[in-house]
file final01.txt (compact mmCIF, C-alpha atoms and all ligand atoms)
# COMPACT_ATOMS: atom_id res chain seq x y z
CA MET A 1 74.89 -93.80 -70.72
CA VAL A 2 71.97 -94.05 -68.30
CA THR A 3 72.59 -92.50 -64.85
CA ARG A 4 71.31 -94.91 -62.22
CA ILE A 5 70.94 -94.09 -58.52
CA LEU A 6 69.57 -96.12 -55.63
CA ILE A 7 68.72 -94.37 -52.37
CA GLU A 8 68.24 -97.11 -49.80
CA HIS A 9 67.43 -97.75 -46.15
CA ALA A 10 65.70 -94.41 -45.55
CA SER A 11 64.08 -94.60 -42.12
CA GLN A 12 60.89 -93.43 -43.76
CA ILE A 13 59.65 -92.29 -47.15
CA ALA A 14 56.50 -90.17 -46.88
CA THR A 15 54.59 -88.96 -49.91
CA PRO A 16 51.16 -88.08 -51.19
CA ARG A 17 50.21 -89.92 -54.37
CA GLY A 18 48.54 -88.93 -57.60
CA ARG A 19 48.86 -86.84 -60.71
CA SER A 20 46.38 -84.13 -59.78
CA ALA A 21 45.47 -82.10 -56.70
CA ARG A 22 44.27 -84.05 -53.66
CA ARG A 23 40.99 -82.61 -52.42
CA GLY A 24 39.34 -82.63 -49.00
CA SER A 25 39.97 -85.86 -47.06
CA GLU A 26 42.35 -87.12 -49.78
CA MET A 27 44.87 -84.61 -48.46
CA ARG A 28 45.38 -86.86 -45.42
CA GLN A 29 46.38 -89.87 -47.47
CA ILE A 30 50.14 -90.10 -47.13
CA GLN A 31 51.98 -93.25 -48.08
CA GLU A 32 54.58 -94.09 -45.44
CA ILE A 33 57.28 -96.63 -46.20
CA ALA A 34 59.63 -97.83 -43.46
CA ASP A 35 63.20 -98.77 -44.52
CA GLY A 36 62.41 -97.23 -47.89
CA ALA A 37 64.27 -96.99 -51.18
CA ILE A 38 63.99 -95.03 -54.41
CA TYR A 39 65.55 -96.19 -57.66
CA ILE A 40 66.14 -93.52 -60.32
CA GLU A 41 67.21 -93.62 -63.97
CA ASP A 42 68.15 -90.41 -65.76
CA GLY A 43 66.34 -88.26 -63.20
CA ILE A 44 63.07 -90.22 -63.34
CA ILE A 45 61.79 -92.42 -60.51
CA LYS A 46 61.53 -96.06 -61.55
CA GLU A 47 60.81 -97.77 -58.24
CA VAL A 48 59.73 -96.68 -54.74
CA GLY A 49 59.10 -99.08 -51.85
CA PRO A 50 60.69 -101.05 -49.04
CA THR A 51 64.44 -101.46 -49.62
CA ASP A 52 64.32 -105.25 -50.03
CA GLN A 53 61.63 -105.03 -52.70
CA VAL A 54 63.28 -102.19 -54.62
CA THR A 55 66.73 -103.84 -54.62
CA ALA A 56 65.16 -107.10 -55.79
CA ALA A 57 63.46 -105.24 -58.64
CA VAL A 58 66.68 -103.46 -59.64
CA GLY A 59 68.72 -106.67 -59.60
CA ASP A 60 72.30 -106.14 -60.76
CA LEU A 61 73.78 -103.06 -59.05
CA GLN A 62 76.69 -102.77 -61.47
CA GLY A 63 76.99 -99.11 -62.48
CA VAL A 64 74.41 -97.96 -59.90
CA GLU A 65 75.36 -95.22 -57.44
CA VAL A 66 74.08 -96.37 -54.05
CA VAL A 67 73.29 -93.88 -51.27
CA ASN A 68 72.53 -95.04 -47.74
CA ALA A 69 69.84 -92.80 -46.21
CA ALA A 70 69.63 -94.50 -42.80
CA GLY A 71 68.42 -92.15 -40.08
CA HIS A 72 66.71 -89.83 -42.56
CA SER A 73 63.15 -89.46 -43.71
CA ILE A 74 62.53 -88.58 -47.35
CA VAL A 75 59.74 -86.40 -48.72
CA PRO A 76 59.07 -84.88 -52.17
CA GLY A 77 60.74 -81.53 -52.89
CA PHE A 78 58.58 -78.58 -51.86
CA VAL A 79 56.70 -76.71 -54.58
CA ASP A 80 56.34 -73.04 -53.67
CA SER A 81 53.52 -72.02 -55.99
CA HIS A 82 53.28 -68.30 -55.19
CA THR A 83 56.25 -65.93 -55.00
CA HIS A 84 57.33 -62.50 -56.18
CA TYR A 85 61.10 -63.15 -56.04
CA ILE A 86 62.27 -60.84 -58.86
CA PHE A 87 62.25 -57.32 -57.40
CA GLY A 88 64.51 -54.36 -56.72
CA GLY A 89 64.79 -52.51 -53.41
CA TYR A 90 63.26 -53.15 -49.99
CA ARG A 91 60.52 -51.49 -47.92
CA PRO A 92 61.54 -51.63 -44.25
CA GLU A 93 60.02 -48.21 -43.48
CA GLU A 94 56.63 -49.47 -44.68
CA PHE A 95 56.92 -52.54 -42.49
CA LEU A 96 57.70 -50.34 -39.49
CA ALA A 97 54.76 -48.04 -40.32
CA ARG A 98 52.50 -51.09 -40.33
CA LEU A 99 53.78 -52.03 -36.88
CA GLU A 100 52.66 -48.55 -35.80
CA GLY A 101 49.17 -49.26 -37.15
CA ALA A 102 49.20 -48.17 -40.83
CA GLY A 103 47.12 -50.45 -43.10
CA TYR A 104 48.50 -52.22 -46.20
CA LEU A 105 45.93 -50.65 -48.57
CA GLU A 106 46.31 -47.26 -46.87
CA ILE A 107 50.07 -47.26 -47.61
CA MET A 108 49.34 -48.31 -51.19
CA LYS A 109 46.82 -45.48 -51.70
CA MET A 110 49.46 -42.99 -50.55
CA GLY A 111 51.69 -44.09 -53.44
CA GLY A 112 53.85 -46.46 -51.37
CA GLY A 113 53.51 -50.22 -51.31
CA ILE A 114 53.77 -52.02 -54.63
CA GLN A 115 54.50 -48.77 -56.52
CA SER A 116 57.66 -48.14 -54.51
CA THR A 117 58.97 -51.58 -55.51
CA VAL A 118 57.97 -50.80 -59.11
CA ASN A 119 60.18 -47.69 -58.99
CA ALA A 120 63.10 -49.64 -57.50
CA THR A 121 62.68 -52.48 -60.01
CA LYS A 122 62.66 -50.03 -62.93
CA ALA A 123 65.97 -48.66 -61.62
CA CYS A 124 67.52 -52.15 -61.58
CA SER A 125 69.30 -53.61 -64.59
CA GLU A 126 68.18 -56.98 -65.92
CA GLN A 127 71.56 -58.36 -64.87
CA GLU A 128 71.04 -57.16 -61.30
CA LEU A 129 67.54 -58.66 -61.15
CA TYR A 130 69.01 -61.92 -62.43
CA ARG A 131 71.79 -61.87 -59.80
CA LEU A 132 69.30 -61.19 -56.99
CA GLY A 133 67.01 -63.88 -58.39
CA LEU A 134 69.77 -66.51 -58.27
CA GLN A 135 70.62 -65.58 -54.68
CA ARG A 136 66.98 -65.92 -53.67
CA LEU A 137 66.65 -69.27 -55.43
CA ASP A 138 69.70 -70.48 -53.49
CA GLU A 139 67.90 -69.61 -50.26
CA MET A 140 64.78 -71.47 -51.34
CA LEU A 141 66.73 -74.53 -52.44
CA ALA A 142 68.45 -74.74 -49.06
CA GLN A 143 64.98 -75.03 -47.51
CA GLY A 144 63.91 -77.82 -49.84
CA VAL A 145 62.12 -75.93 -52.61
CA THR A 146 62.72 -77.74 -55.91
CA THR A 147 60.07 -75.92 -57.98
CA MET A 148 59.00 -72.33 -57.52
CA GLU A 149 56.50 -70.07 -59.21
CA GLY A 150 57.55 -66.45 -59.76
CA LYS A 151 55.49 -63.42 -60.73
CA SER A 152 56.24 -60.25 -62.60
CA GLY A 153 54.18 -57.25 -61.50
CA TYR A 154 56.89 -54.85 -60.37
CA GLY A 155 57.28 -53.34 -63.82
CA LEU A 156 53.70 -52.69 -64.92
CA ASP A 157 54.83 -51.02 -68.17
CA LEU A 158 55.77 -53.25 -71.11
CA ASP A 159 59.55 -52.92 -70.93
CA CYS A 160 59.95 -53.51 -67.23
CA GLU A 161 57.47 -56.42 -67.12
CA LEU A 162 59.41 -58.10 -69.93
CA LYS A 163 62.68 -57.33 -68.14
CA GLN A 164 61.44 -59.09 -64.98
CA LEU A 165 60.16 -62.07 -66.94
CA ARG A 166 63.42 -62.43 -68.90
CA ALA A 167 65.47 -62.26 -65.69
CA MET A 168 63.22 -64.98 -64.28
CA GLN A 169 63.62 -67.12 -67.37
CA GLN A 170 67.40 -66.79 -67.13
CA THR A 171 67.41 -67.84 -63.46
CA ASP A 172 65.34 -70.87 -64.44
CA ARG A 173 67.96 -71.85 -67.02
CA ASP A 174 70.92 -71.36 -64.71
CA HIS A 175 69.64 -72.68 -61.37
CA PRO A 176 68.56 -76.16 -60.26
CA VAL A 177 65.25 -74.84 -58.90
CA GLU A 178 62.63 -75.17 -61.64
CA VAL A 179 60.80 -71.87 -62.13
CA VAL A 180 57.21 -71.42 -63.31
CA PRO A 181 56.68 -67.89 -64.66
CA THR A 182 53.51 -65.85 -64.17
CA TYR A 183 52.59 -62.48 -65.71
CA LEU A 184 51.15 -60.21 -63.00
CA GLY A 185 50.89 -56.87 -64.81
CA GLY A 186 47.56 -56.51 -63.00
CA HIS A 187 49.31 -55.98 -59.69
CA ALA A 188 48.63 -52.24 -59.34
CA VAL A 189 47.42 -49.40 -61.54
CA PRO A 190 50.54 -47.47 -62.63
CA PRO A 191 50.64 -43.64 -62.30
CA GLU A 192 50.29 -43.16 -66.07
CA TYR A 193 46.80 -44.73 -65.79
CA ARG A 194 45.80 -43.20 -62.45
CA GLY A 195 42.01 -42.96 -62.33
CA ASP A 196 41.71 -45.14 -65.44
CA PRO A 197 42.15 -48.77 -64.40
CA ASP A 198 40.03 -49.87 -67.37
CA GLY A 199 42.45 -48.15 -69.69
CA TYR A 200 45.30 -50.06 -68.05
CA VAL A 201 43.39 -53.34 -68.42
CA ASP A 202 42.95 -52.56 -72.14
CA PHE A 203 46.68 -51.85 -72.40
CA MET A 204 47.58 -55.19 -70.80
CA ILE A 205 45.17 -57.05 -73.07
CA LYS A 206 46.22 -55.34 -76.28
CA GLU A 207 49.91 -54.56 -75.76
CA VAL A 208 51.43 -56.74 -73.09
CA LEU A 209 49.77 -60.17 -72.97
CA PRO A 210 50.27 -60.82 -76.71
CA ARG A 211 53.99 -59.94 -76.40
CA VAL A 212 54.43 -62.14 -73.32
CA LYS A 213 52.73 -64.97 -75.18
CA GLU A 214 54.72 -64.51 -78.34
CA LEU A 215 58.00 -64.52 -76.40
CA GLY A 216 56.95 -67.54 -74.32
CA LEU A 217 57.75 -65.71 -71.10
CA ALA A 218 54.84 -66.80 -68.88
CA THR A 219 52.61 -69.82 -68.33
CA PHE A 220 50.07 -68.10 -66.10
CA CYS A 221 48.32 -64.74 -65.85
CA ASP A 222 47.47 -63.45 -62.37
CA VAL A 223 45.69 -60.32 -61.07
CA PHE A 224 45.45 -58.55 -57.71
CA CYS A 225 41.66 -58.48 -57.43
CA GLU A 226 41.15 -56.23 -54.46
CA ASP A 227 39.25 -53.22 -53.17
CA SER A 228 40.73 -50.09 -54.82
CA VAL A 229 43.08 -52.19 -57.02
CA PHE A 230 41.29 -54.28 -59.71
CA SER A 231 37.55 -54.89 -59.41
CA ILE A 232 35.82 -58.19 -60.10
CA GLU A 233 34.70 -56.93 -63.51
CA GLN A 234 38.19 -55.69 -64.48
CA SER A 235 39.77 -58.93 -63.24
CA ARG A 236 37.25 -61.01 -65.21
CA ARG A 237 37.96 -59.04 -68.39
CA LEU A 238 41.74 -59.39 -68.05
CA LEU A 239 41.69 -63.07 -67.12
CA ARG A 240 39.20 -64.03 -69.85
CA ALA A 241 41.40 -62.37 -72.44
CA ALA A 242 44.45 -64.17 -71.05
CA GLN A 243 42.61 -67.47 -71.10
CA GLU A 244 41.71 -66.97 -74.75
CA MET A 245 45.39 -66.43 -75.49
CA GLY A 246 46.22 -69.74 -73.80
CA PHE A 247 47.45 -68.63 -70.38
CA GLY A 248 46.52 -70.59 -67.26
CA LEU A 249 44.85 -68.41 -64.64
CA LYS A 250 45.71 -67.48 -61.08
CA MET A 251 44.19 -64.83 -58.83
CA HIS A 252 45.11 -62.85 -55.74
CA ALA A 253 41.61 -63.26 -54.35
CA ASP A 254 39.78 -62.05 -51.24
CA GLU A 255 43.00 -61.16 -49.44
CA ILE A 256 41.99 -58.04 -47.54
CA VAL A 257 38.34 -57.47 -48.45
CA SER A 258 35.72 -60.10 -49.33
CA LEU A 259 35.02 -59.14 -52.96
CA GLY A 260 33.93 -62.42 -54.53
CA GLY A 261 37.38 -63.31 -55.88
CA ALA A 262 37.02 -66.99 -54.97
CA GLU A 263 33.72 -67.12 -56.86
CA LEU A 264 35.32 -65.53 -59.92
CA ALA A 265 38.31 -67.91 -59.86
CA ALA A 266 35.91 -70.87 -59.81
CA GLU A 267 33.74 -69.36 -62.55
CA LEU A 268 36.78 -68.95 -64.83
CA GLY A 269 38.22 -72.37 -64.03
CA ALA A 270 41.39 -70.79 -62.66
CA VAL A 271 44.16 -73.20 -61.73
CA SER A 272 44.44 -71.50 -58.33
CA ALA A 273 42.94 -68.79 -56.17
CA ASP A 274 45.46 -67.42 -53.70
CA HIS A 275 45.35 -65.73 -50.26
CA LEU A 276 41.56 -66.17 -49.56
CA LEU A 277 41.75 -64.81 -46.01
CA MET A 278 38.32 -63.27 -46.48
CA ALA A 279 36.77 -65.81 -48.86
CA SER A 280 33.03 -66.31 -48.35
CA ASP A 281 31.46 -69.70 -47.63
CA LEU A 282 29.91 -69.61 -51.08
CA GLY A 283 33.31 -68.87 -52.60
CA ILE A 284 34.86 -71.79 -50.73
CA ALA A 285 32.10 -74.13 -51.92
CA LYS A 286 32.62 -72.96 -55.49
CA LEU A 287 36.38 -73.52 -55.34
CA ALA A 288 35.75 -77.05 -54.09
CA GLY A 289 33.25 -77.66 -56.89
CA ALA A 290 35.49 -76.28 -59.62
CA GLY A 291 38.65 -78.04 -58.40
CA THR A 292 40.47 -74.70 -58.31
CA VAL A 293 43.40 -75.06 -55.89
CA ALA A 294 43.05 -72.80 -52.83
CA THR A 295 46.61 -71.57 -52.31
CA LEU A 296 47.09 -70.34 -48.76
CA LEU A 297 49.95 -68.08 -47.72
CA PRO A 298 50.15 -68.22 -43.93
CA SER A 299 53.27 -66.10 -43.64
CA THR A 300 51.48 -63.16 -45.31
CA ALA A 301 48.74 -63.26 -42.68
CA PHE A 302 51.49 -63.57 -40.07
CA CYS A 303 53.44 -60.53 -41.35
CA LEU A 304 50.32 -58.40 -41.84
CA ALA A 305 48.90 -59.58 -38.51
CA HIS A 306 45.67 -60.49 -40.30
CA PRO A 307 43.56 -63.54 -39.41
CA TYR A 308 44.71 -66.74 -41.15
CA ALA A 309 42.73 -68.09 -44.10
CA PRO A 310 40.26 -70.75 -42.95
CA GLY A 311 42.32 -73.69 -44.20
CA ARG A 312 40.65 -76.25 -41.98
CA LYS A 313 37.20 -75.19 -43.14
CA MET A 314 38.30 -75.27 -46.79
CA ILE A 315 39.63 -78.82 -46.62
CA ASP A 316 36.52 -79.94 -44.76
CA ALA A 317 34.46 -78.35 -47.54
CA GLY A 318 36.35 -80.47 -50.10
CA CYS A 319 38.90 -77.96 -51.36
CA ALA A 320 42.41 -78.79 -52.54
CA VAL A 321 44.67 -76.59 -50.41
CA ALA A 322 48.25 -75.69 -51.36
CA LEU A 323 50.72 -73.87 -49.11
CA ALA A 324 53.09 -71.26 -50.50
CA SER A 325 55.34 -68.43 -49.36
CA ASP A 326 54.21 -65.24 -51.18
CA TYR A 327 57.83 -64.12 -50.77
CA ASN A 328 57.82 -60.38 -51.62
CA PRO A 329 59.36 -57.16 -50.26
CA GLY A 330 56.05 -55.71 -49.01
CA SER A 331 53.23 -57.71 -47.46
CA CYS A 332 55.43 -60.71 -46.66
CA PHE A 333 59.17 -60.21 -46.56
CA THR A 334 59.93 -63.74 -45.47
CA ASN A 335 60.80 -66.77 -47.53
CA SER A 336 60.88 -69.13 -44.58
CA ILE A 337 59.39 -72.47 -45.59
CA PRO A 338 59.64 -73.87 -42.02
CA LEU A 339 57.59 -70.91 -40.79
CA ILE A 340 54.84 -71.64 -43.33
CA LEU A 341 54.67 -75.32 -42.40
CA ALA A 342 54.49 -74.48 -38.70
CA LEU A 343 51.82 -71.80 -39.15
CA ALA A 344 49.71 -74.11 -41.31
CA GLY A 345 49.91 -76.91 -38.75
CA ILE A 346 49.60 -74.84 -35.60
CA HIS A 347 47.42 -71.86 -36.55
CA MET A 348 45.44 -73.07 -39.58
CA HIS A 349 44.82 -76.44 -37.94
CA LEU A 350 45.94 -78.57 -40.87
CA SER A 351 47.07 -82.08 -39.97
CA ILE A 352 50.71 -82.95 -40.65
CA GLU A 353 49.59 -85.10 -43.60
CA GLU A 354 47.65 -82.16 -45.04
CA VAL A 355 50.64 -79.87 -44.55
CA LEU A 356 52.85 -82.25 -46.53
CA THR A 357 50.31 -82.61 -49.34
CA GLY A 358 49.79 -78.83 -49.41
CA ALA A 359 53.50 -78.12 -49.72
CA THR A 360 54.18 -80.77 -52.38
CA LEU A 361 51.56 -82.37 -54.63
CA ASN A 362 48.95 -79.62 -54.31
CA GLY A 363 51.62 -76.98 -54.91
CA ALA A 364 52.54 -78.90 -58.04
CA ALA A 365 48.87 -78.88 -59.10
CA ALA A 366 48.75 -75.12 -58.47
CA VAL A 367 51.45 -74.67 -61.12
CA GLY A 368 49.93 -77.22 -63.49
CA ARG A 369 52.74 -79.76 -63.09
CA ALA A 370 51.25 -82.46 -60.85
CA ASP A 371 51.64 -84.97 -63.65
CA ARG A 372 55.42 -84.65 -63.36
CA ILE A 373 56.35 -83.50 -59.83
CA GLY A 374 54.99 -83.25 -56.26
CA SER A 375 55.07 -86.91 -55.21
CA LEU A 376 57.44 -89.87 -55.16
CA GLU A 377 56.05 -92.38 -57.62
CA PRO A 378 57.33 -94.23 -60.66
CA GLY A 379 57.34 -92.00 -63.72
CA LYS A 380 57.74 -88.75 -61.79
CA GLN A 381 60.79 -86.54 -61.69
CA ALA A 382 63.16 -87.49 -58.85
CA ASP A 383 62.86 -84.27 -56.80
CA PHE A 384 63.16 -85.13 -53.11
CA LEU A 385 64.59 -84.13 -49.72
CA LEU A 386 66.52 -85.96 -47.06
CA LEU A 387 65.44 -84.65 -43.66
CA ARG A 388 67.55 -84.52 -40.52
CA TYR A 389 65.09 -86.69 -38.58
CA PRO A 390 63.74 -90.19 -39.21
CA ASP A 391 60.11 -89.01 -39.29
CA TYR A 392 58.67 -86.32 -41.59
CA ARG A 393 56.36 -85.15 -38.82
CA PHE A 394 59.31 -83.19 -37.42
CA LEU A 395 58.60 -80.70 -40.25
CA VAL A 396 55.92 -79.12 -38.06
CA TYR A 397 57.06 -80.33 -34.65
CA HIS A 398 60.54 -78.76 -34.97
CA SER A 399 58.68 -75.53 -35.50
CA GLY A 400 60.19 -72.86 -37.69
CA VAL A 401 63.51 -74.69 -38.11
CA ASN A 402 64.94 -75.91 -41.40
CA ILE A 403 65.47 -79.66 -41.13
CA VAL A 404 66.34 -80.21 -44.81
CA GLU A 405 69.82 -81.78 -45.09
CA GLN A 406 70.04 -82.71 -48.74
CA VAL A 407 68.09 -81.81 -51.85
CA TYR A 408 67.90 -83.89 -55.04
CA LYS A 409 66.56 -82.35 -58.24
CA LYS A 410 65.96 -84.63 -61.23
CA GLY A 411 67.93 -87.32 -59.42
CA ARG A 412 70.97 -85.14 -58.85
CA LEU A 413 72.25 -83.97 -55.48
CA VAL A 414 72.00 -80.17 -55.74
CA TYR A 415 72.22 -79.13 -52.11
CA GLY A 416 73.89 -80.53 -48.97
O1 LIG B 501 50.59 -61.26 -52.66
N1 LIG B 501 48.75 -58.65 -52.63
C1 LIG B 501 49.39 -58.30 -53.60
N2 LIG B 501 50.61 -58.69 -53.92
C2 LIG B 501 51.55 -59.18 -52.98
C3 LIG B 501 52.20 -58.09 -52.22
C4 LIG B 501 53.11 -57.33 -53.06
C5 LIG B 501 53.78 -56.20 -52.34
O2 LIG B 501 53.32 -55.73 -51.30
O3 LIG B 501 54.81 -55.81 -52.89
C6 LIG B 501 50.90 -60.22 -52.12
O4 LIG B 501 50.70 -60.04 -50.91
FE FE B 502 51.30 -62.45 -53.88
call {"tool": "encode", "arguments": {"input": "final01.txt", "output": "structure tokens"}}
result
Amino acid sequence: MVTRILIEHASQIATPRGRSARRGSEMRQIQEIADGAIYIEDGIIKEVGPTDQVTAAVGDLQGVEVVNAAGHSIVPGFVDSHTHYIFGGYRPEEFLARLEGAGYLEIMKMGGGIQSTVNATKACSEQELYRLGLQRLDEMLAQGVTTMEGKSGYGLDLDCELKQLRAMQQTDRDHPVEVVPTYLGGHAVPPEYRGDPDGYVDFMIKEVLPRVKELGLATFCDVFCEDSVFSIEQSRRLLRAAQEMGFGLKMHADEIVSLGGAELAAELGAVSADHLLMASDLGIAKLAGAGTVATLLPSTAFCLAHPYAPGRKMIDAGCAVALASDYNPGSCFTNSIPLILALAGIHMHLSIEEVLTGATLNGAAAVGRADRIGSLEPGKQADFLLLRYPDYRFLVYHSGVNIVEQVYKKGRLVYG
């Protein structure tokens, strides 16, 4: 039997539109519907519009579950396209050292940073990683995240990378949040390859990527292209090999040092280039030209006390900007979606329309799923949020506060 749901009389429905990333000035184009309704069959949106028009189109309401959304605004579910949510252990001492002036790369060079989470993740069972993963997905769901990317990269060796990816796959199966898996073996050079990053790149290309592919454990391959981590040349070699095996590409690019990561992401046709705090003007122009999504992570800049990525400049240059959390135990131990939205609006100078597009449709594009999620339109999956206020602009105005009251995933109420 077909499951039919009608959400009616929402004070406002606000959504970007399209099946690909919105670039530049398109990011401002939000459709706003007063007294709005959404009609859903088997988890897929059939109609969106003013309540009188949608009810007329639906006709007979026999067998339809009707939900009155008066007083609420409705927006698409958030797509958090950059997280590292499968990890063991925490690094509070490193955070405190940073507050005393230690640098992120300095801590990493001393054997702390990512490597300390690698050690803790190796010590965790797959079951424990799975349990932690579910808990973290619960937290994201309560803030309106209906799709989330997750990266490996705290295993580095074959067994532990596969363990992380399997735990992630299991959380995807057992939790309403849809998970998009990314292989990030190129997150740090492990001690067994110290002084030989090229040897480690060879190992990933020959031993790990083919296994990950064969097991169907990741859609994307990512790399931390950074001074004293992986060079441009090493990143290019890894990502090209991954591309040949059929992986989509992502990059941690120009986060701390301006290396030319944005340029490389554009050259390779990566789906996204992420961080970009230090991206050059040429790199920004190339991202715009290539249609590579610029994924900005304002809470990382906030936690590291680094300058924010030039989001305003990127959109004005024609880029598609997505907003994501970078949730991880090191550089950014926060998974607060309200914080990201507020920082993007207040400190990156994105308009409220751009913030909404960045957190929904462009996030969906950054995980290659904009054809299916990220906006409220007929044919798309019914992933949406009922907000506490009648206007979606409260998402930035009620700064840093979660105003999500209910979450629907594939037309089913999964939170609230
Ligand atoms: O995106 N920059 C590299 N990777 C993560 C941080 C990971 C960590 O510190 O554990 C990031 O910021
Ligand atoms: Fe990251």
call {"tool": "atom_distance", "arguments": {"input": "final01.txt", "atom1": "CA of Thr15 (chain A)", "atom2": "CA of Glu139 (chain A)"}}
result
23.5 Å
call {"tool": "closest_atom_pairs", "arguments": {"input": "final01.txt", "of": "region 261-377 of chain A", "to": "region 409-416 of chain A", "cutoff": "12 Å", "atoms": "all atoms listed in the file", "output": "tab-separated table"}}
result
residue	atom	partner	partner_atom	distance
A:Arg372	CA	A:Lys410	CA	10.8
A:Ile373	CA	A:Lys410	CA	9.8
A:Gly374	CA	A:Lys409	CA	11.8
A:Leu376	CA	A:Gly411	CA	11.6
call {"tool": "residues_around", "arguments": {"input": "final01.txt", "residues": "Pro210 (chain A)", "least_positions_apart": "4", "cutoff": "10 Å", "atoms": "only C-alpha atoms", "output": "PDB file with C-alpha atoms, in the frame of the given file"}}
result
ATOM      1  CA  MET A 204      47.580 -55.190 -70.800  1.00  0.00           C
ATOM      2  CA  ILE A 205      45.170 -57.050 -73.070  1.00  0.00           C
ATOM      3  CA  LYS A 206      46.220 -55.340 -76.280  1.00  0.00           C
ATOM      4  CA  GLU A 214      54.720 -64.510 -78.340  1.00  0.00           C
ATOM      5  CA  LEU A 215      58.000 -64.520 -76.400  1.00  0.00           C
ATOM      6  CA  GLY A 216      56.950 -67.540 -74.320  1.00  0.00           C
ATOM      7  CA  ALA A 241      41.400 -62.370 -72.440  1.00  0.00           C
ATOM      8  CA  ALA A 242      44.450 -64.170 -71.050  1.00  0.00           C
ATOM      9  CA  MET A 245      45.390 -66.430 -75.490  1.00  0.00           C
TER      10      MET A 245
END
call {"tool": "residues_near_ligand", "arguments": {"input": "final01.txt", "ligand": "ligand FE 502 (chain B)", "cutoff": "12 Å", "atoms": "only C-alpha atoms and all ligand atoms", "output": "count of residues only"}}
result
51
call {"tool": "closest_residue", "arguments": {"input": "final01.txt", "among": "A:Ser375, A:Ser25, A:Ser399, A:Ser20", "to": "Ala342 (chain A)", "atoms": "only C-alpha atoms"}}
result
A:Ser399
call {"tool": "closest_residue", "arguments": {"input": "final01.txt", "among": "A:Gln135, A:Gln62, A:Thr121, A:Ser351", "to": "ligand LIG 501 (chain B)", "atoms": "all atoms listed in the file"}}
result
A:Thr121
call {"tool": "residues_around", "arguments": {"input": "final01.txt", "residues": "region 57-61 of chain A", "least_positions_apart": "6", "cutoff": "9 Å", "atoms": "only C-alpha atoms", "output": "compact mmCIF listing (two decimals) with C-alpha atoms, keeping the file's coordinate frame"}}
result
# COMPACT_ATOMS: atom_id res chain seq x y z
CA LEU A 6 69.57 -96.12 -55.63
CA TYR A 39 65.55 -96.19 -57.66
CA GLU A 47 60.81 -97.77 -58.24
call {"tool": "atom_distance", "arguments": {"input": "final01.txt", "atom1": "CA of Ala123 (chain A)", "atom2": "atom C6 of ligand LIG 501 (chain B)"}}
result
21.2 Å
call {"tool": "atom_distance", "arguments": {"input": "final01.txt", "atom1": "CA of Phe78 (chain A)", "atom2": "CA of Gly113 (chain A)"}}
result
28.8 Å
call {"tool": "residues_around", "arguments": {"input": "final01.txt", "residues": "region 161-178 of chain A", "least_positions_apart": "5", "cutoff": "6 Å", "atoms": "all atoms listed in the file", "output": "list in words"}}
result
Glu126, Tyr130, Leu134, Thr146, Thr147, Ser152, Gly155 and Leu156 of chain A
call {"tool": "write_last_selection", "arguments": {"input": "final01.txt", "atoms": "C-alpha atoms", "output": "mmCIF file, keeping the file's coordinate frame"}}
result
data_model
loop_
_atom_site.group_PDB
_atom_site.id
_atom_site.type_symbol
_atom_site.label_atom_id
_atom_site.label_comp_id
_atom_site.auth_asym_id
_atom_site.auth_seq_id
_atom_site.Cartn_x
_atom_site.Cartn_y
_atom_site.Cartn_z
ATOM 1 C CA GLU A 126 68.180 -56.980 -65.920
ATOM 2 C CA TYR A 130 69.010 -61.920 -62.430
ATOM 3 C CA LEU A 134 69.770 -66.510 -58.270
ATOM 4 C CA THR A 146 62.720 -77.740 -55.910
ATOM 5 C CA THR A 147 60.070 -75.920 -57.980
ATOM 6 C CA SER A 152 56.240 -60.250 -62.600
ATOM 7 C CA GLY A 155 57.280 -53.340 -63.820
ATOM 8 C CA LEU A 156 53.700 -52.690 -64.920
#
call {"tool": "closest_residue", "arguments": {"input": "final01.txt", "among": "A:Ser73, A:Gln53, A:Gln143, A:Thr334", "to": "ligand LIG 501 (chain B)", "atoms": "all atoms listed in the file"}}
result
A:Thr334
call {"tool": "residues_around", "arguments": {"input": "final01.txt", "residues": "region 277-294 of chain A", "least_positions_apart": "5", "cutoff": "7 Å", "atoms": "all atoms listed in the file", "output": "list in words"}}
result
Asp254, Glu255, Ile256, Val257, Ser258, Gly260, Ala262, Glu263, Ala266, Gly269, Ala270, Val271, Ser272, Pro307, Tyr308, Ala309, Pro310, Met314, Ala317, Gly318, Cys319, Ala320, Val321, Ala322 and Ala366 of chain A
call {"tool": "closest_residue", "arguments": {"input": "final01.txt", "among": "A:Leu132, A:Gln29, A:Glu405, A:Arg369", "to": "Leu387 (chain A)", "atoms": "all atoms listed in the file"}}
result
A:Glu405
call {"tool": "closest_residue", "arguments": {"input": "final01.txt", "among": "A:Gly379, A:Gly185, A:Gly43, A:Gly358", "to": "ligand LIG 501 (chain B)", "atoms": "all atoms listed in the file"}}
result
A:Gly185
call {"tool": "axis_aligned_box", "arguments": {"input": "final01.txt", "around": "ligand LIG 501 (chain B)", "padding_each_side": "6 Å", "output": "JSON"}}
result
{"center_x": 51.8, "center_y": -58.5, "center_z": -52.4, "size_x": 18.1, "size_y": 17.5, "size_z": 15.0}
call {"tool": "closest_residue", "arguments": {"input": "final01.txt", "among": "A:Ile74, A:Ala120, A:Ile40, A:Val64", "to": "ligand LIG 501 (chain B)", "atoms": "all atoms listed in the file"}}
result
A:Ala120
call {"tool": "residues_around", "arguments": {"input": "final01.txt", "residues": "Lys109 (chain A)", "least_positions_apart": "3", "cutoff": "12 Å", "atoms": "only C-alpha atoms", "output": "list of chain:residue names"}}
result
A:Ala102, A:Gly103, A:Tyr104, A:Leu105, A:Glu106, A:Gly112, A:Gly113, A:Ile114, A:Gln115, A:Ser116, A:Ala188, A:Val189, A:Pro190, A:Pro191, A:Arg194, A:Gly195, A:Asp227, A:Ser228, A:Val229
